[in-house]
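Worksheet: the structure to be examined is printed underneath.
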Amino acid sequence: MRTKPERQAAWLMVLPVVLVVAFSGVVPLMTVVNYSVQDILDVDTRFFVGFDWYRDALRDVRLHEALWRQLVFSFTALAIELPLGILVARCLPRQGRAASLLLVLCAIPLLVPLNVVGTIWQIFARGDIGMLGAAINGLGIDYNYTREPLHAWMTLVAMDVWHWTSLVVLLGFAGLSSIPPAYYQAADLDGAGRWQVFRHVELPHLRAVLLIAVLLRLMDSLMIYTEPFVLTGGGPGNTTTFLSQHLATIAVGQFDLGPAAAFSVIYFLLILLLCWLFHTLVVAGAERDDA
Amino acid sequence: MAWTLPTALFFSAIALVLLVLGVAQRHWPTVARRGFLPLATTRGDRFFISLLTAALIHLGWLAVTDLPVPGASALALFAGAVIMAKG
């Protein structure tokens with residue numbers, strides 16, 4: 001039975017986390033909200049403008065276009081990485097040296113810094129000297145990601161899939177490894193096929209790790225900045241300019257702190273909403289299945 | 001942090017509500033229940049949903065109309081009250 005002193009000790013133990021979250025998350029967020037309602041000219045000169053920056057940002061056509069591109073990119077990447085990651089995880093041996101070796105190999109892309117990933121693919125996809133670009137051109141396809149928007153998009157998605165599918169593989173492998181062999185034996189006795197084993201044995205056990213994988217990838221892809229910046233610089237034109245790059249142009253390029261802060265708050269709310277909706281839908285689905 | 005009176009009032013109000021929810025939790029612990037929302041929610045969940053709804057109502061209002069913002073705030077307060085009571 002819990003006693004009062006124990007409960008107080010628990011509060012003390014949580015306190016460091018509360019302080020870290022407050023100073024790393026809440027205080028910066030409050031600062032951004034403060035900036036978003038002011039026109040800041042210099043350190044000492046600023047004017048309260050209410051919701052004007054929000055109104056401007058919400059009616060900005062460039063933001064609408066960047067948002068649309070962002071959603072298409074994020075859900076395309078997710079739609080490829082999730083099934084591919086599960087497929088690869090299912091193909092990996094569950095134990096032994098081969099499993100360890102393959103897991104390490106799978107994890108390598110995750111260890112590459114973001115700007116290096118962009119640089120690797122910038123060179124790799126070049127039509128003249130890059131292995132991928134030259135190979136595609138060698139097939140008779142006029143591939144040039146710096147000139148053709150479709151090629152730029154395909155290169156960006158391929159880069160993201162190369163970089164992040166490993167995360168789904170590792171999480172999927174962890175989920176699959178936790179399934180007791182008795183489940184497979186029971187499925188075998190019942191004469192279940194591969195699809196039925198996946199649907200009724202593996203998928204329910206993978207749900208928790210897949211939820212983590214989906215949320216991590218969704219949040220990450222919605223915030224993607226460095227790789228597209230290095231690879232395409234938002235081009236050709238603005239065809240691969242996503243929300244974060246548009247935001248950086250306003251905040252750092254134009255140094256419009258008020259509009260950039262309003263944009264940031266909208267951006268934050270969008271990611272929060274999408275992740276919360278996704279989490280709620282998956283949890284509600286799990287509750288329905290368990291009932 | 002470049003505070004303004006409206007933002008100070010806004011964050012103070014949220015902090016106050018969190019404090020009230022904390023005190024309420026100590027005296028009347030919340031139990032997850034089902035209302036019109038498609039999931040079982042605790043008092044804190046419903047407050048979070050209310051805040052998110054209020055933010056979206058304000059953004060939607062600013063995106064589509066030039067009417068005064070207090071209209072959106074009134075709508076958000078009403079929505080928040082409904083979610084807290086029946087959600």
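Please note that chains go A, B, ... in the order of the structure tokens, that every chain numbers its residues from 1, and that ligands are numbered from 1 in the order shown.
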Taking the backbone alone, and naming residues the way the document does, which bits of stretch 34-225 of chain A are strand (DSSP E or B) by DSSP, as a PyMOL selection string? chain A and resi 38-40+46-48
With 6 Å as the limit and counting only C-alpha atoms, what residues in chain B lie close to chain A? Please list them as a PDB file with C-alpha atoms, in the first residue's frame.
ATOM      1  CA  MET B   1      11.021  37.061 -23.459  1.00  0.00           C
ATOM      2  CA  TRP B   3       6.145  39.776 -22.768  1.00  0.00           C
ATOM      3  CA  LEU B  62      -8.472  34.200 -38.719  1.00  0.00           C
ATOM      4  CA  ALA B  63      -8.111  32.278 -41.982  1.00  0.00           C
TER       5      ALA B  63
END
Closest to A:Leu84 among A:Thr146, A:Leu105, A:Val49, A:Gly172, using only C-alpha atoms?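 Ranked by minimum distance to A:Leu84, first place goes to A:Gly172.
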Mind the document's chain letters and residue numbers, and return as a VMD selection string the residues of stretch 29-65 of chain B that DSSP labels alpha helix (DSSP H). chain B and resid 43 to 64
Counting only C-alpha atoms, what is within 12 Å of A:Val201, bar same-chain residues fewer than 6 positions away, as a list in words?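 Everything that qualifies: Gly175, Leu176, Ser178, Ile179, Pro180, Pro181, Ala182, Tyr183, Tyr184, Gln185, Ala186, Ala187, Asp188, Ala192, Gly193, Arg194, Trp195 and Arg207 of chain A.
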Can I get the selected residues back with all heavy atoms, as a CSV table (one decimal), in the first residue's frame?
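Result saved to out_3.csv:
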chain,number,residue,atom,x,y,z
A,175,GLY,N,9.7,-5.9,-32.3
A,175,GLY,CA,8.3,-6.4,-32.1
A,175,GLY,C,8.2,-7.8,-32.4
A,175,GLY,O,7.6,-8.6,-31.7
A,176,LEU,N,8.8,-8.2,-33.6
A,176,LEU,CA,8.7,-9.6,-34.0
A,176,LEU,C,9.4,-10.6,-33.1
A,176,LEU,O,9.0,-11.7,-32.8
A,176,LEU,CB,9.2,-9.7,-35.4
A,176,LEU,CG,8.4,-9.1,-36.5
A,176,LEU,CD1,9.2,-9.1,-37.9
A,176,LEU,CD2,7.1,-9.9,-36.7
A,178,SER,N,9.6,-10.3,-30.0
A,178,SER,CA,9.0,-10.5,-28.7
A,178,SER,C,7.8,-11.5,-28.8
A,178,SER,O,7.2,-11.9,-27.8
A,178,SER,CB,8.4,-9.2,-28.2
A,178,SER,OG,7.3,-8.8,-29.1
A,179,ILE,N,7.5,-12.1,-30.0
A,179,ILE,CA,6.4,-13.0,-30.2
A,179,ILE,C,6.9,-14.4,-29.8
A,179,ILE,O,7.9,-14.9,-30.3
A,179,ILE,CB,5.9,-13.0,-31.6
A,179,ILE,CG1,5.5,-11.6,-32.1
A,179,ILE,CG2,4.8,-14.0,-31.8
A,179,ILE,CD1,5.1,-11.5,-33.5
A,180,PRO,N,6.3,-15.0,-28.8
A,180,PRO,CA,6.7,-16.4,-28.4
A,180,PRO,C,6.5,-17.4,-29.5
A,180,PRO,O,5.5,-17.3,-30.3
A,180,PRO,CB,5.7,-16.7,-27.2
A,180,PRO,CG,5.2,-15.4,-26.8
A,180,PRO,CD,5.2,-14.5,-28.0
A,181,PRO,N,7.4,-18.4,-29.6
A,181,PRO,CA,7.3,-19.4,-30.7
A,181,PRO,C,6.0,-20.1,-30.7
A,181,PRO,O,5.6,-20.6,-31.7
A,181,PRO,CB,8.5,-20.3,-30.5
A,181,PRO,CG,9.5,-19.5,-29.6
A,181,PRO,CD,8.7,-18.5,-28.9
A,182,ALA,N,5.4,-20.3,-29.5
A,182,ALA,CA,4.2,-21.0,-29.4
A,182,ALA,C,3.1,-20.5,-30.3
A,182,ALA,O,2.3,-21.2,-30.8
A,182,ALA,CB,3.7,-21.0,-27.9
A,183,TYR,N,3.1,-19.2,-30.5
A,183,TYR,CA,2.1,-18.6,-31.4
A,183,TYR,C,2.2,-19.1,-32.8
A,183,TYR,O,1.2,-19.4,-33.5
A,183,TYR,CB,2.2,-17.1,-31.4
A,183,TYR,CG,1.6,-16.4,-30.1
A,183,TYR,CD1,2.3,-16.4,-28.9
A,183,TYR,CD2,0.4,-15.7,-30.2
A,183,TYR,CE1,1.8,-15.8,-27.8
A,183,TYR,CE2,-0.1,-15.1,-29.1
A,183,TYR,CZ,0.6,-15.1,-27.9
A,183,TYR,OH,0.1,-14.5,-26.8
A,184,TYR,N,3.5,-19.2,-33.2
A,184,TYR,CA,3.7,-19.7,-34.6
A,184,TYR,C,3.3,-21.2,-34.7
A,184,TYR,O,2.8,-21.6,-35.7
A,184,TYR,CB,5.2,-19.5,-35.0
A,184,TYR,CG,5.5,-18.0,-35.2
A,184,TYR,CD1,6.2,-17.3,-34.3
A,184,TYR,CD2,5.1,-17.4,-36.4
A,184,TYR,CE1,6.6,-16.0,-34.5
A,184,TYR,CE2,5.5,-16.0,-36.6
A,184,TYR,CZ,6.2,-15.4,-35.7
A,184,TYR,OH,6.5,-14.0,-35.9
A,185,GLN,N,3.7,-21.9,-33.6
A,185,GLN,CA,3.3,-23.3,-33.6
A,185,GLN,C,1.8,-23.5,-33.7
A,185,GLN,O,1.3,-24.4,-34.4
A,185,GLN,CB,3.9,-24.0,-32.4
A,185,GLN,CG,5.4,-24.1,-32.4
A,185,GLN,CD,6.1,-24.3,-31.0
A,185,GLN,OE1,5.4,-24.4,-30.0
A,185,GLN,NE2,7.4,-24.3,-31.0
A,186,ALA,N,1.1,-22.7,-32.9
A,186,ALA,CA,-0.4,-22.8,-32.9
A,186,ALA,C,-0.9,-22.5,-34.3
A,186,ALA,O,-1.8,-23.2,-34.8
A,186,ALA,CB,-0.9,-21.9,-31.9
A,187,ALA,N,-0.4,-21.4,-34.9
A,187,ALA,CA,-0.8,-21.0,-36.2
A,187,ALA,C,-0.5,-22.1,-37.3
A,187,ALA,O,-1.4,-22.4,-38.1
A,187,ALA,CB,-0.1,-19.7,-36.6
A,188,ASP,N,0.6,-22.8,-37.1
A,188,ASP,CA,1.0,-23.8,-38.0
A,188,ASP,C,0.1,-25.0,-37.9
A,188,ASP,O,-0.4,-25.6,-38.9
A,188,ASP,CB,2.5,-24.3,-37.7
A,188,ASP,CG,3.1,-25.1,-38.8
A,188,ASP,OD1,2.7,-24.9,-39.9
A,188,ASP,OD2,3.8,-26.0,-38.5
A,192,ALA,N,-2.5,-22.1,-40.8
A,192,ALA,CA,-2.6,-20.7,-41.3
A,192,ALA,C,-1.5,-20.4,-42.3
A,192,ALA,O,-0.4,-20.9,-42.2
A,192,ALA,CB,-2.4,-19.8,-40.1
A,193,GLY,N,-1.9,-19.7,-43.3
A,193,GLY,CA,-1.0,-19.3,-44.4
A,193,GLY,C,-0.1,-18.1,-43.9
A,193,GLY,O,-0.3,-17.6,-42.8
A,194,ARG,N,0.8,-17.7,-44.8
A,194,ARG,CA,1.8,-16.6,-44.4
A,194,ARG,C,1.0,-15.3,-44.1
A,194,ARG,O,1.4,-14.6,-43.1
A,194,ARG,CB,2.8,-16.4,-45.5
A,194,ARG,CG,3.7,-17.6,-45.6
A,194,ARG,CD,4.7,-17.4,-46.7
A,194,ARG,NE,5.7,-16.4,-46.4
A,194,ARG,CZ,6.7,-16.1,-47.2
A,194,ARG,NH1,6.9,-16.8,-48.4
A,194,ARG,NH2,7.6,-15.2,-46.9
A,195,TRP,N,0.0,-15.0,-44.9
A,195,TRP,CA,-0.7,-13.8,-44.7
A,195,TRP,C,-1.5,-13.8,-43.4
A,195,TRP,O,-1.6,-12.8,-42.6
A,195,TRP,CB,-1.7,-13.5,-45.9
A,195,TRP,CG,-2.6,-12.4,-45.6
A,195,TRP,CD1,-4.0,-12.5,-45.4
A,195,TRP,CD2,-2.3,-11.0,-45.4
A,195,TRP,NE1,-4.5,-11.3,-45.1
A,195,TRP,CE2,-3.6,-10.4,-45.1
A,195,TRP,CE3,-1.2,-10.2,-45.5
A,195,TRP,CZ2,-3.6,-9.0,-44.9
A,195,TRP,CZ3,-1.3,-8.9,-45.3
A,195,TRP,CH2,-2.5,-8.3,-45.0
A,207,ARG,N,1.8,-3.8,-33.1
A,207,ARG,CA,1.0,-2.6,-33.1
A,207,ARG,C,1.7,-1.5,-32.2
A,207,ARG,O,1.8,-0.3,-32.7
A,207,ARG,CB,-0.4,-2.8,-32.5
A,207,ARG,CG,-1.2,-1.5,-32.6
A,207,ARG,CD,-2.7,-1.8,-32.1
A,207,ARG,NE,-3.4,-2.5,-33.2
A,207,ARG,CZ,-4.1,-3.6,-33.0
A,207,ARG,NH1,-4.2,-4.1,-31.8
A,207,ARG,NH2,-4.8,-4.1,-34.0
